[in-house]
Structures are given as C-alpha cells and as structure tokens.
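A.B. asks: Handing over coords-v8.tsv, TSV, C-alpha atoms and all ligand atoms.
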```tsv
chain	number	residue	atom	x	y	z
V	1	MET	CA	5.92	-2.49	128.25
V	2	ASP	CA	5.21	-4.42	131.43
V	3	GLY	CA	4.10	-7.98	131.71
V	4	ASN	CA	6.48	-9.99	129.52
V	5	GLY	CA	7.60	-12.08	132.49
V	6	ARG	CA	4.07	-12.81	133.67
V	7	TRP	CA	2.92	-13.59	130.13
V	8	ALA	CA	5.70	-16.18	129.88
V	9	ALA	CA	5.24	-17.61	133.38
V	10	SER	CA	1.53	-18.22	132.77
V	11	ARG	CA	2.52	-20.40	129.81
V	12	GLY	CA	5.39	-22.20	131.52
V	13	LEU	CA	7.88	-20.35	129.28
V	14	SER	CA	11.13	-18.57	130.08
V	15	ARG	CA	11.23	-14.82	130.70
V	16	SER	CA	13.28	-14.50	127.50
V	17	ALA	CA	10.40	-16.04	125.57
V	18	GLY	CA	8.15	-13.36	127.10
V	19	HIS	CA	10.52	-10.62	125.96
V	20	ARG	CA	10.65	-12.12	122.45
V	21	GLN	CA	6.86	-11.99	122.33
V	22	GLY	CA	7.10	-8.43	123.68
V	23	ALA	CA	9.26	-7.53	120.68
V	24	GLN	CA	6.41	-8.70	118.41
V	25	ALA	CA	4.09	-6.32	120.23
V	26	VAL	CA	6.65	-3.55	119.65
V	27	ARG	CA	6.58	-4.28	115.91
V	28	ARG	CA	2.74	-4.19	115.84
V	29	THR	CA	2.61	-0.96	117.83
V	30	VAL	CA	5.19	0.79	115.65
V	31	GLU	CA	3.17	-0.14	112.57
V	32	ALA	CA	-0.15	0.95	114.06
V	33	ALA	CA	0.98	4.27	115.57
V	34	PRO	CA	1.20	6.42	112.41
V	35	GLU	CA	-2.16	5.11	111.23
V	36	LEU	CA	-3.64	6.50	114.45
V	37	ASP	CA	-1.98	9.89	113.88
V	38	ILE	CA	0.62	9.31	116.57
V	39	SER	CA	3.72	11.23	115.54
V	40	THR	CA	6.02	10.30	118.46
V	41	LEU	CA	6.09	6.99	120.29
V	42	THR	CA	8.45	6.36	123.22
V	43	LEU	CA	8.93	2.80	124.46
V	44	PHE	CA	10.60	2.06	127.80
V	45	ALA	CA	12.69	-0.97	126.84
V	46	PHE	CA	15.39	-1.04	129.53
V	47	SER	CA	15.64	1.11	132.63
V	48	ALA	CA	18.86	1.99	134.42
V	49	ASP	CA	17.55	-0.16	137.28
V	50	ASN	CA	17.07	-3.14	134.96
V	51	TRP	CA	20.85	-3.73	135.15
V	52	GLN	CA	20.03	-5.30	138.52
V	53	ARG	CA	18.20	-8.21	136.86
V	54	PRO	CA	20.08	-11.52	136.46
V	55	PRO	CA	22.86	-11.29	133.84
V	56	SER	CA	21.13	-13.91	131.67
V	57	GLU	CA	17.99	-11.77	131.42
V	58	VAL	CA	20.00	-8.59	130.78
V	59	GLY	CA	21.91	-10.49	128.08
V	60	SER	CA	18.77	-11.73	126.37
V	61	LEU	CA	17.18	-8.25	126.44
V	62	MET	CA	20.29	-6.67	124.93
V	63	PHE	CA	20.47	-9.39	122.29
V	64	LEU	CA	16.81	-8.80	121.45
V	65	LEU	CA	17.27	-5.05	121.20
V	66	GLN	CA	20.23	-5.38	118.88
V	67	LYS	CA	18.41	-7.96	116.75
V	68	TYR	CA	15.36	-5.72	116.55
V	69	LEU	CA	17.45	-2.78	115.36
V	70	ASP	CA	19.33	-4.87	112.79
V	71	ASN	CA	16.24	-6.67	111.50
V	72	GLU	CA	13.86	-3.72	111.46
V	73	SER	CA	16.15	-0.99	110.13
V	74	ARG	CA	15.12	-1.48	106.49
V	75	ARG	CA	11.42	-1.67	107.34
V	76	MET	CA	11.73	1.50	109.43
V	77	VAL	CA	13.27	3.34	106.48
V	78	GLU	CA	10.55	2.06	104.12
V	79	ASN	CA	7.82	3.13	106.56
V	80	GLY	CA	9.29	6.56	107.27
V	81	VAL	CA	10.10	5.73	110.89
V	82	ARG	CA	12.90	7.70	112.50
V	83	LEU	CA	14.66	6.05	115.43
V	84	ASN	CA	16.02	7.93	118.43
V	85	VAL	CA	17.39	5.94	121.36
V	86	ILE	CA	17.27	7.88	124.61
V	87	GLY	CA	19.27	7.14	127.74
V	88	ARG	CA	22.90	6.51	128.54
V	89	ARG	CA	25.10	4.88	125.94
V	90	ASP	CA	28.40	4.62	127.79
V	91	ARG	CA	27.39	1.40	129.61
V	92	LEU	CA	26.09	-0.43	126.54
V	93	GLN	CA	28.12	-3.09	124.79
V	94	PRO	CA	29.95	-1.48	121.86
V	95	ALA	CA	28.09	-3.69	119.34
V	96	ILE	CA	24.75	-2.37	120.62
V	97	ALA	CA	25.93	1.22	120.69
V	98	ARG	CA	27.07	0.76	117.07
V	99	ALA	CA	23.72	-0.78	116.06
V	100	ILE	CA	21.94	2.21	117.60
V	101	ALA	CA	24.16	4.72	115.79
V	102	ARG	CA	23.78	2.81	112.50
V	103	THR	CA	19.98	2.63	112.74
V	104	GLU	CA	19.62	6.25	113.83
V	105	GLU	CA	21.69	7.33	110.85
V	106	ALA	CA	19.85	5.06	108.40
V	107	THR	CA	16.44	6.33	109.54
V	108	ALA	CA	17.36	10.00	110.00
V	109	GLU	CA	15.19	11.15	107.06
V	110	GLY	CA	12.02	9.48	108.39
V	111	THR	CA	9.09	11.82	108.95
V	112	GLY	CA	6.17	9.42	109.47
V	113	LEU	CA	6.87	8.47	113.08
V	114	LEU	CA	9.54	9.38	115.60
V	115	LEU	CA	10.20	6.12	117.44
V	116	ARG	CA	12.02	6.73	120.68
V	117	VAL	CA	13.34	3.71	122.53
V	118	ALA	CA	14.54	4.30	126.09
V	119	ILE	CA	17.54	2.09	126.89
V	120	ASP	CA	19.60	2.39	130.09
V	121	TYR	CA	17.24	5.24	130.88
V	122	SER	CA	16.52	6.89	134.21
V	123	ALA	CA	14.64	10.18	134.31
V	124	ARG	CA	16.11	11.07	137.70
V	125	GLN	CA	19.67	10.39	136.54
V	126	ALA	CA	19.03	12.44	133.42
V	127	ILE	CA	17.66	15.38	135.44
V	128	ALA	CA	20.64	15.21	137.79
V	129	ALA	CA	23.11	15.09	134.89
V	130	ALA	CA	21.37	17.92	133.00
V	131	SER	CA	21.46	20.12	136.09
V	132	GLN	CA	25.26	19.83	136.10
V	133	LEU	CA	25.66	21.17	132.56
V	134	PRO	CA	26.31	24.91	132.36
V	135	PRO	CA	23.14	26.94	131.66
V	136	ARG	CA	22.92	29.60	128.94
V	137	GLN	CA	22.64	32.85	130.78
V	138	ASP	CA	20.18	34.66	128.49
V	139	ALA	CA	17.88	31.72	127.83
V	140	ASP	CA	14.54	30.94	129.41
V	141	PRO	CA	15.47	28.62	132.33
V	142	ALA	CA	12.92	25.91	131.56
V	143	GLU	CA	13.66	25.90	127.83
V	144	ASP	CA	17.35	25.82	128.54
V	145	PHE	CA	16.88	22.93	130.93
V	146	VAL	CA	15.06	20.93	128.26
V	147	ARG	CA	17.98	21.56	125.91
V	148	ARG	CA	20.38	20.19	128.52
V	149	LEU	CA	18.09	17.26	129.29
V	150	ASP	CA	17.89	16.40	125.59
V	151	ARG	CA	21.65	16.56	125.38
V	152	VAL	CA	22.33	14.15	128.23
V	153	THR	CA	19.68	11.68	127.05
V	154	HIS	CA	20.57	11.89	123.32
V	155	ALA	CA	17.00	13.01	122.66
V	156	LEU	CA	16.35	14.87	119.42
V	157	ALA	CA	16.01	18.59	120.09
V	158	GLY	CA	12.45	19.82	119.74
V	159	THR	CA	10.72	16.56	120.65
V	160	PRO	CA	7.35	17.61	122.08
V	161	ALA	CA	6.37	16.95	125.70
V	162	VAL	CA	4.54	13.69	126.42
V	163	ASP	CA	0.77	13.68	125.87
V	164	LEU	CA	-0.14	10.18	127.00
V	165	VAL	CA	1.63	7.53	129.07
V	166	ILE	CA	0.24	4.00	128.74
V	167	ARG	CA	1.37	1.40	131.26
V	168	THR	CA	0.41	-2.21	130.75
V	169	SER	CA	-0.01	-5.20	133.08
V	170	GLY	CA	-2.01	-3.41	135.77
V	171	GLU	CA	0.99	-1.68	137.37
V	172	GLN	CA	0.19	1.89	138.42
V	173	ARG	CA	3.60	3.49	138.87
V	174	VAL	CA	5.73	6.00	136.99
V	175	SER	CA	9.00	4.08	137.54
V	176	ASP	CA	11.46	6.86	136.67
V	177	PHE	CA	10.11	7.38	133.15
V	178	LEU	CA	10.18	10.83	131.50
V	179	LEU	CA	9.48	12.65	134.77
V	180	TRP	CA	10.09	16.14	133.38
V	181	GLU	CA	8.61	15.51	129.95
V	182	SER	CA	5.34	14.07	131.27
V	183	ALA	CA	4.51	16.97	133.61
V	184	TYR	CA	1.11	17.39	131.92
V	185	ALA	CA	0.74	13.92	130.41
V	186	GLU	CA	-2.46	11.93	130.69
V	187	PHE	CA	-2.01	8.47	132.19
V	188	LEU	CA	-3.70	5.24	131.22
V	189	PHE	CA	-3.15	2.02	133.15
V	190	LEU	CA	-4.27	-1.10	131.32
V	191	PRO	CA	-4.55	-4.68	132.64
V	192	VAL	CA	-3.31	-6.21	129.37
V	193	LEU	CA	0.14	-7.80	129.49
V	194	TRP	CA	2.51	-6.18	127.01
V	195	PRO	CA	2.93	-9.23	124.73
V	196	ASP	CA	-0.87	-9.19	124.20
V	197	PHE	CA	-0.98	-5.46	123.43
V	198	ASP	CA	-2.25	-4.85	119.92
V	199	ARG	CA	-3.64	-2.24	117.56
V	200	HIS	CA	-7.08	-2.36	119.23
V	201	HIS	CA	-5.61	-1.48	122.62
V	202	LEU	CA	-3.73	1.41	121.06
V	203	GLU	CA	-6.79	2.60	119.19
V	204	ALA	CA	-8.89	2.50	122.37
V	205	ALA	CA	-6.14	4.33	124.27
V	206	VAL	CA	-6.07	7.11	121.67
V	207	ALA	CA	-9.87	7.40	121.79
V	208	ASP	CA	-9.75	7.60	125.60
V	209	PHE	CA	-7.03	10.26	125.40
V	210	ARG	CA	-9.04	12.32	122.88
V	211	GLY	CA	-11.94	12.37	125.33
V	212	ARG	CA	-9.86	13.80	128.16
V	213	ASN	CA	-10.31	17.36	129.31
V	214	ARG	CA	-6.77	18.79	129.43
V	215	ARG	CA	-6.62	22.13	131.20
V	216	PHE	CA	-2.89	22.55	131.91
V	217	GLY	CA	-3.73	24.36	135.12
V	218	ARG	CA	-6.27	26.68	133.45
V	219	LEU	CA	-10.04	26.61	134.00
V	220	GLN	CA	-10.88	25.88	130.38
V	221	ALA	CA	-9.59	23.03	128.24
V	222	LEU	CA	-7.27	24.16	125.44
V	223	ALA	CA	-8.84	23.88	122.00
V	224	SER	CA	-7.19	20.95	120.23
D	1	LIG	C1	9.03	-5.11	131.71
D	1	LIG	O1	8.21	-6.23	131.94
D	1	LIG	C2	9.68	-5.24	130.39
D	1	LIG	C3	11.00	-5.08	130.18
D	1	LIG	C4	11.95	-4.72	131.25
D	1	LIG	C5	11.59	-5.30	128.84
D	1	LIG	C6	10.87	-4.71	127.67
D	1	LIG	C7	11.47	-5.26	126.44
D	1	LIG	C8	10.81	-5.70	125.35
D	1	LIG	C9	9.36	-5.59	125.17
D	1	LIG	C10	11.53	-6.40	124.25
D	1	LIG	C11	12.35	-5.68	123.30
D	1	LIG	C12	12.10	-4.24	123.06
D	1	LIG	C13	12.28	-3.63	121.85
D	1	LIG	C14	12.17	-2.16	121.73
D	1	LIG	C15	12.58	-4.39	120.64
D	1	LIG	P1	8.72	-7.44	132.84
D	1	LIG	O2	9.61	-8.27	132.02
D	1	LIG	O3	9.31	-6.89	134.07
D	1	LIG	O4	7.43	-8.25	133.09
D	1	LIG	P2	6.88	-8.78	134.49
D	1	LIG	O5	6.55	-7.54	135.29
D	1	LIG	O6	5.67	-9.55	134.10
D	1	LIG	O7	7.93	-9.62	135.13
```
The structure given in the file should be rewritten as structure tokens.
C.D. replies:
Amino acid sequence: MDGNGRWAASRGLSRSAGHRQGAQAVRRTVEAAPELDISTLTLFAFSADNWQRPPSEVGSLMFLLQKYLDNESRRMVENGVRLNVIGRRDRLQPAIARAIARTEEATAEGTGLLLRVAIDYSARQAIAAASQLPPRQDADPAEDFVRRLDRVTHALAGTPAVDLVIRTSGEQRVSDFLLWESAYAEFLFLPVLWPDFDRHHLEAAVADFRGRNRRFGRLQALAS
C-alpha cells in the first residue's frame, strides 16, 4: 500500500492525510475483492521497520488502524469478512491489541473473504522466530515449518500460499513481505499511488494474473 505520503505531498497535505485516504482505498479494496473471487487478501499496513518513522506518523497510523477496526467490524461481519492480523503483537499498544482480538473474534465466522492485515510484520523476523520453535519429528519439514511460521505470526492455520503480490506507487521491491509464503507468487508493480487504487486496478490485476503462465518449476503450466 505504497504511496500515501507522495499522494499527500503532491496536494500539499500532511502524511497523515495520505494515510487517511489510504484507509479509504483499503475499504474499497476489501469490498471489491470477494466480487472478483479473491478469497484471501493480505494488506501490508505496518512493517517492523516502520517503527523507525517519526513518532507522530507512527501514532497516526496506529490511531487509524484502531479506528478502522472499530468502525468496520460490523460491516465486516455483515459482509462475511474474517479478519486475521499477522505480525507481532507484543509491541502494540494494549488498546490496539484489544481491538485486534475483539475484531478477530467478532468476525471469526466469516467465510466470504479472509482479510489479513500485516501489522508490526517482518518476514525475516518471523522466519527467524519460527526456526527457533521445536520441530515435530515425524512431520514433513516444510509443512512443519509453515505451522511454526503461522504460530509466530498469528496467521490462521491452513492459509494458502500467496498467488499474487501487487505493489503500488512504482516501487519494485519485496520489502520483507511474506518471503516464505510468496515463493511462487506472481508479482505486479503498478505506478498508481495507493490512495488512488480502486476496483478497476484490482480487476485489471486479477485479469493480468489469470493470463500468467504459472509452471511452479515444471515445464507445463498447472491446469487451473
Ligand atoms: C506506505 O506508503 C504505507 C504505509 C506504511 C501505511 C499503510 C497504511 C494505510 C494504507 C492506512 C491504514 C491501513 C488499514 C489497514 C486501515 P508510504 O506512506 O511510505 O508512502 P510514500 O512512499 O509515498 O511516502
């Protein structure tokens, strides 16, 4: 969800105003996703490295996240959206951690869309932490690792691997996002700034993805 800051700067607005507009794009995208047959949507809202931004920006992002959860909880339930926040929770303010727990519980029966929001998330930190948990001796090593990774990130068990990563604002980096889970993901880098992202961008991204030839290391594409 890159580009909030640049969207705001180009209008002479504060970065917080850009993030607020970014939250509107989140709302639009969450509504559009199930209509495009997307069953899991993961949004990178706050990386572990984002703690290094000025305290005022961190504060406004946290405020926005909590407000989003509190304001959207009922709509998520009505629309069958299930929330799962991935990342660390021990560094979040207690009020935010409580809002996350409350919204996850309220939406737990949702089956229309699994909405994953990554907060205080770092794929490398998660991989390092998962590797320190004891493995199950009889299990398949990769499957067992995913179980441990899900545990340290609070991810729901059984969440499928990532199919498509969309990065906005012209940046072409992975930035510590779902490194294990996106091993065979398709990537799409779009020039649009996140606050301008809408249903048409998502629709075009899905169409682009459906036209890709995914071989997973084989010679032939898998039948979809
Ligand atoms: C990166 O762009 C964006 C973020 C670090 C914050 C993303 C947060 C939101 C969209 C708002 C709230 C989210 C939810 C789930 C309600 P940037 O700010 O670094 O933009 P820049 O690269 O133009 O400076």
A.B. asks: Determine, using all atoms listed in the file, which residues of chain V have any atom at most 8 Å from an atom of ligand LIG 1 (chain D), and tabulate each with its shortest atom pair and distance in Å to one decimal place, rows ordered by chain and then rising number, as a Markdown table.
C.D. replies:
```
| residue | atom | partner | partner_atom | distance |
| --- | --- | --- | --- | --- |
| V:Met1 | CA | D:LIG1 | C2 | 5.1 |
| V:Asp2 | CA | D:LIG1 | O1 | 3.5 |
| V:Gly3 | CA | D:LIG1 | O6 | 3.3 |
| V:Asn4 | CA | D:LIG1 | O4 | 4.1 |
| V:Gly5 | CA | D:LIG1 | O6 | 3.6 |
| V:Arg6 | CA | D:LIG1 | O6 | 3.7 |
| V:Trp7 | CA | D:LIG1 | O6 | 6.3 |
| V:Ala8 | CA | D:LIG1 | O6 | 7.9 |
| V:Arg15 | CA | D:LIG1 | O2 | 6.9 |
| V:Gly18 | CA | D:LIG1 | O2 | 7.2 |
| V:His19 | CA | D:LIG1 | C10 | 4.7 |
| V:Arg20 | CA | D:LIG1 | C10 | 6.1 |
| V:Gln21 | CA | D:LIG1 | C9 | 7.4 |
| V:Gly22 | CA | D:LIG1 | C9 | 3.9 |
| V:Ala23 | CA | D:LIG1 | C10 | 4.4 |
| V:Gln24 | CA | D:LIG1 | C15 | 7.8 |
| V:Ala25 | CA | D:LIG1 | C9 | 7.3 |
| V:Val26 | CA | D:LIG1 | C13 | 6.0 |
| V:Arg27 | CA | D:LIG1 | C15 | 7.6 |
| V:Leu43 | CA | D:LIG1 | C14 | 6.5 |
| V:Phe44 | CA | D:LIG1 | C6 | 6.8 |
| V:Ala45 | CA | D:LIG1 | C6 | 4.2 |
| V:Phe46 | CA | D:LIG1 | C4 | 5.3 |
| V:Ser47 | CA | D:LIG1 | C4 | 7.0 |
| V:Asn50 | CA | D:LIG1 | C4 | 6.5 |
| V:Leu61 | CA | D:LIG1 | C11 | 6.3 |
| V:Leu64 | CA | D:LIG1 | C11 | 5.7 |
| V:Leu65 | CA | D:LIG1 | C15 | 4.8 |
| V:Gln66 | CA | D:LIG1 | C15 | 7.9 |
| V:Lys67 | CA | D:LIG1 | C15 | 7.9 |
| V:Tyr68 | CA | D:LIG1 | C15 | 5.1 |
| V:Leu69 | CA | D:LIG1 | C15 | 7.4 |
| V:Val117 | CA | D:LIG1 | C14 | 6.0 |
| V:Ser169 | CA | D:LIG1 | O6 | 7.2 |
| V:Leu193 | CA | D:LIG1 | O6 | 7.4 |
| V:Trp194 | CA | D:LIG1 | C9 | 7.1 |
| V:Pro195 | CA | D:LIG1 | C9 | 7.4 |
```
A.B. asks: So, with only C-alpha atoms as the atoms that count, which of V:Thr153, V:Ser56, V:Thr42, V:Thr29 lies closest to V:Arg124?
C.D. replies: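 Result for the nearest residue to V:Arg124: V:Thr153.
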A.B. asks: In Å, how far is it from atom CA of V:Val162 to atom CA of V:Glu181?
C.D. replies: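 Between atom CA of V:Val162 and atom CA of V:Glu181 the gap is 5.7 Å.
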A.B. asks: Please, what distance in Å, to one decimal, runs between atom CA of V:Arg98 and atom CA of V:Asp150?
C.D. replies: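 Here the two named atoms are 20.0 Å from each other.
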A.B. asks: So, counting all atoms listed in the file, which residue among V:Val58, V:Leu179, V:Ile166, V:Val174 is closest to V:Leu149?
C.D. replies: V:Leu179
A.B. asks: Would you list the residues near (-7.7, 8.4, 123.4), meaning any protein, DNA or RNA residue with an atom at most 12 Å from that point in file coordinates, counting all atoms listed in the file, as a list in words?
C.D. replies: Leu36, Asp37, Ile38, Asp163, Leu164, Val165, Ile166, Glu186, Phe187, Leu188, His200, His201, Leu202, Glu203, Ala204, Ala205, Val206, Ala207, Asp208, Phe209, Arg210, Gly211, Arg212 and Asn213 of chain V
A.B. asks: Would you pick out the contacts of stretch 90-92 of chain V at 8 Å or less, using all atoms listed in the file, so that residues sharing its chain but fewer than 3 positions from it are not included, and give the list as a compact mmCIF listing (two decimals) with C-alpha atoms, in the coordinates of the input?
C.D. replies:
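The resulting file, selection-v9.txt, is reproduced below:
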```txt
# COMPACT_ATOMS: atom_id res chain seq x y z
CA ILE V 96 24.75 -2.37 120.62
CA ALA V 97 25.93 1.22 120.69
CA ASP V 120 19.60 2.39 130.09
```
A.B. asks: So for stretch 96-107 of chain V, what box centre and size do we get, axis-aligned, 4 Å extra on each of the six sides, every listed atom, Å to one decimal, as lines of an AutoDock Vina configuration file?
C.D. replies:
```
center_x = 21.8
center_y = 2.5
center_z = 114.5
size_x = 18.6
size_y = 17.7
size_z = 20.3
```
A.B. asks: Let me make sure I understand: among V:Ala185, V:Ala155, V:Leu41, V:Ala33, which one has the smallest atom-to-atom distance to V:Val85 if we use all atoms listed in the file?
C.D. replies: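 Of V:Ala185, V:Ala155, V:Leu41, V:Ala33, the one nearest V:Val85 is V:Ala155, counting all atoms listed in the file.
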A.B. asks: Separation of atom CA of V:Tyr121 and atom CA of V:Asp176, in Å?
C.D. replies: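 Straight-line distance from atom CA of V:Tyr121 to atom CA of V:Asp176 works out to 8.3 Å.
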A.B. asks: Excluding same-chain residues fewer than 3 positions from stretch 134-146 of chain V, what lies within 12 Å of it counting only C-alpha atoms, as a list in words?
C.D. replies: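 The neighbour list is Ala126, Ile127, Ala128, Ala129, Ala130, Ser131, Leu149, Asp150, Arg151, Val152, Thr153, His154, Ala155, Leu156, Ala157, Gly158, Thr159, Pro160, Ala161, Leu178, Leu179, Trp180 and Glu181 of chain V.
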A.B. asks: My list of candidates is V:Thr111, V:Thr40, V:Ser122, V:Ser73. Which is closest to V:Ile86 when distances are computed with all atoms listed in the file?
C.D. replies: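 Comparing V:Thr111, V:Thr40, V:Ser122, V:Ser73 against V:Ile86, the winner is V:Ser122.
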A.B. asks: Taking all atoms listed in the file into account, which of V:Glu104, V:Glu57, V:Glu31, V:Asp49 comes nearest V:Ser16?
C.D. replies: V:Glu57
A.B. asks: For each of V:Pro34, V:Gly170, V:Gly112, V:Gly87, take the minimum atom-to-atom distance to V:Pro191, counting all atoms listed in the file, then give the residue where this is smallest.
C.D. replies: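 Distance minimum relative to V:Pro191 lands on V:Gly170.
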A.B. asks: Generate a file for stretch 101-112 of chain V, containing all heavy atoms, as a CSV table (one decimal), in the first residue's frame.
C.D. replies:
```csv
chain,number,residue,atom,x,y,z
V,101,ALA,N,-8.0,-8.3,18.8
V,101,ALA,CA,-8.6,-9.5,19.4
V,101,ALA,C,-10.1,-9.5,19.3
V,101,ALA,O,-10.8,-10.5,18.9
V,101,ALA,CB,-8.1,-9.7,20.8
V,102,ARG,N,-10.7,-8.3,19.6
V,102,ARG,CA,-12.1,-8.1,19.5
V,102,ARG,C,-12.7,-8.3,18.1
V,102,ARG,O,-13.6,-9.1,17.9
V,102,ARG,CB,-12.4,-6.7,20.0
V,102,ARG,CG,-13.6,-6.5,20.9
V,102,ARG,CD,-13.8,-5.1,21.4
V,102,ARG,NE,-13.2,-4.0,20.7
V,102,ARG,CZ,-12.4,-3.2,21.3
V,102,ARG,NH1,-11.9,-3.4,22.5
V,102,ARG,NH2,-11.9,-2.1,20.6
V,103,THR,N,-12.0,-7.7,17.1
V,103,THR,CA,-12.5,-7.8,15.8
V,103,THR,C,-12.3,-9.2,15.2
V,103,THR,O,-13.1,-9.7,14.5
V,103,THR,CB,-11.8,-6.8,14.9
V,103,THR,OG1,-11.8,-5.5,15.6
V,103,THR,CG2,-12.5,-6.6,13.5
V,104,GLU,N,-11.1,-9.8,15.6
V,104,GLU,CA,-10.9,-11.2,15.1
V,104,GLU,C,-12.0,-12.1,15.6
V,104,GLU,O,-12.5,-13.0,14.9
V,104,GLU,CB,-9.5,-11.7,15.5
V,104,GLU,CG,-8.4,-11.1,14.7
V,104,GLU,CD,-7.1,-11.7,15.0
V,104,GLU,OE1,-6.9,-12.1,16.2
V,104,GLU,OE2,-6.2,-11.7,14.1
V,105,GLU,N,-12.4,-11.9,16.9
V,105,GLU,CA,-13.4,-12.8,17.5
V,105,GLU,C,-14.8,-12.5,16.8
V,105,GLU,O,-15.5,-13.4,16.5
V,105,GLU,CB,-13.4,-12.5,19.0
V,105,GLU,CG,-14.1,-13.7,19.7
V,105,GLU,CD,-14.2,-13.3,21.2
V,105,GLU,OE1,-13.3,-12.7,21.8
V,105,GLU,OE2,-15.3,-13.7,21.8
V,106,ALA,N,-15.1,-11.2,16.7
V,106,ALA,CA,-16.4,-10.9,16.1
V,106,ALA,C,-16.6,-11.4,14.7
V,106,ALA,O,-17.7,-11.7,14.3
V,106,ALA,CB,-16.5,-9.3,16.1
V,107,THR,N,-15.5,-11.5,13.9
V,107,THR,CA,-15.6,-11.8,12.5
V,107,THR,C,-15.2,-13.3,12.3
V,107,THR,O,-15.1,-13.7,11.1
V,107,THR,CB,-14.6,-11.0,11.6
V,107,THR,OG1,-13.3,-11.2,12.1
V,107,THR,CG2,-14.9,-9.5,11.8
V,108,ALA,N,-15.0,-14.1,13.3
V,108,ALA,CA,-14.4,-15.4,13.2
V,108,ALA,C,-15.3,-16.3,12.3
V,108,ALA,O,-14.8,-17.3,11.7
V,108,ALA,CB,-14.2,-16.0,14.5
V,109,GLU,N,-16.6,-16.1,12.2
V,109,GLU,CA,-17.5,-16.9,11.4
V,109,GLU,C,-17.5,-16.6,9.9
V,109,GLU,O,-18.1,-17.3,9.1
V,109,GLU,CB,-18.9,-16.9,11.9
V,109,GLU,CG,-19.1,-17.3,13.4
V,109,GLU,CD,-18.6,-18.7,13.6
V,109,GLU,OE1,-19.0,-19.6,12.8
V,109,GLU,OE2,-17.9,-18.9,14.6
V,110,GLY,N,-16.8,-15.5,9.5
V,110,GLY,CA,-16.9,-15.0,8.1
V,110,GLY,C,-16.2,-16.0,7.2
V,110,GLY,O,-15.2,-16.5,7.4
V,111,THR,N,-16.9,-16.2,6.0
V,111,THR,CA,-16.4,-17.1,5.0
V,111,THR,C,-16.2,-16.5,3.6
V,111,THR,O,-15.8,-17.2,2.7
V,111,THR,CB,-17.3,-18.4,4.9
V,111,THR,OG1,-18.6,-17.9,4.6
V,111,THR,CG2,-17.3,-19.2,6.2
V,112,GLY,N,-16.6,-15.2,3.5
V,112,GLY,CA,-16.6,-14.6,2.2
V,112,GLY,C,-15.2,-14.1,1.8
V,112,GLY,O,-14.9,-14.2,0.6
```
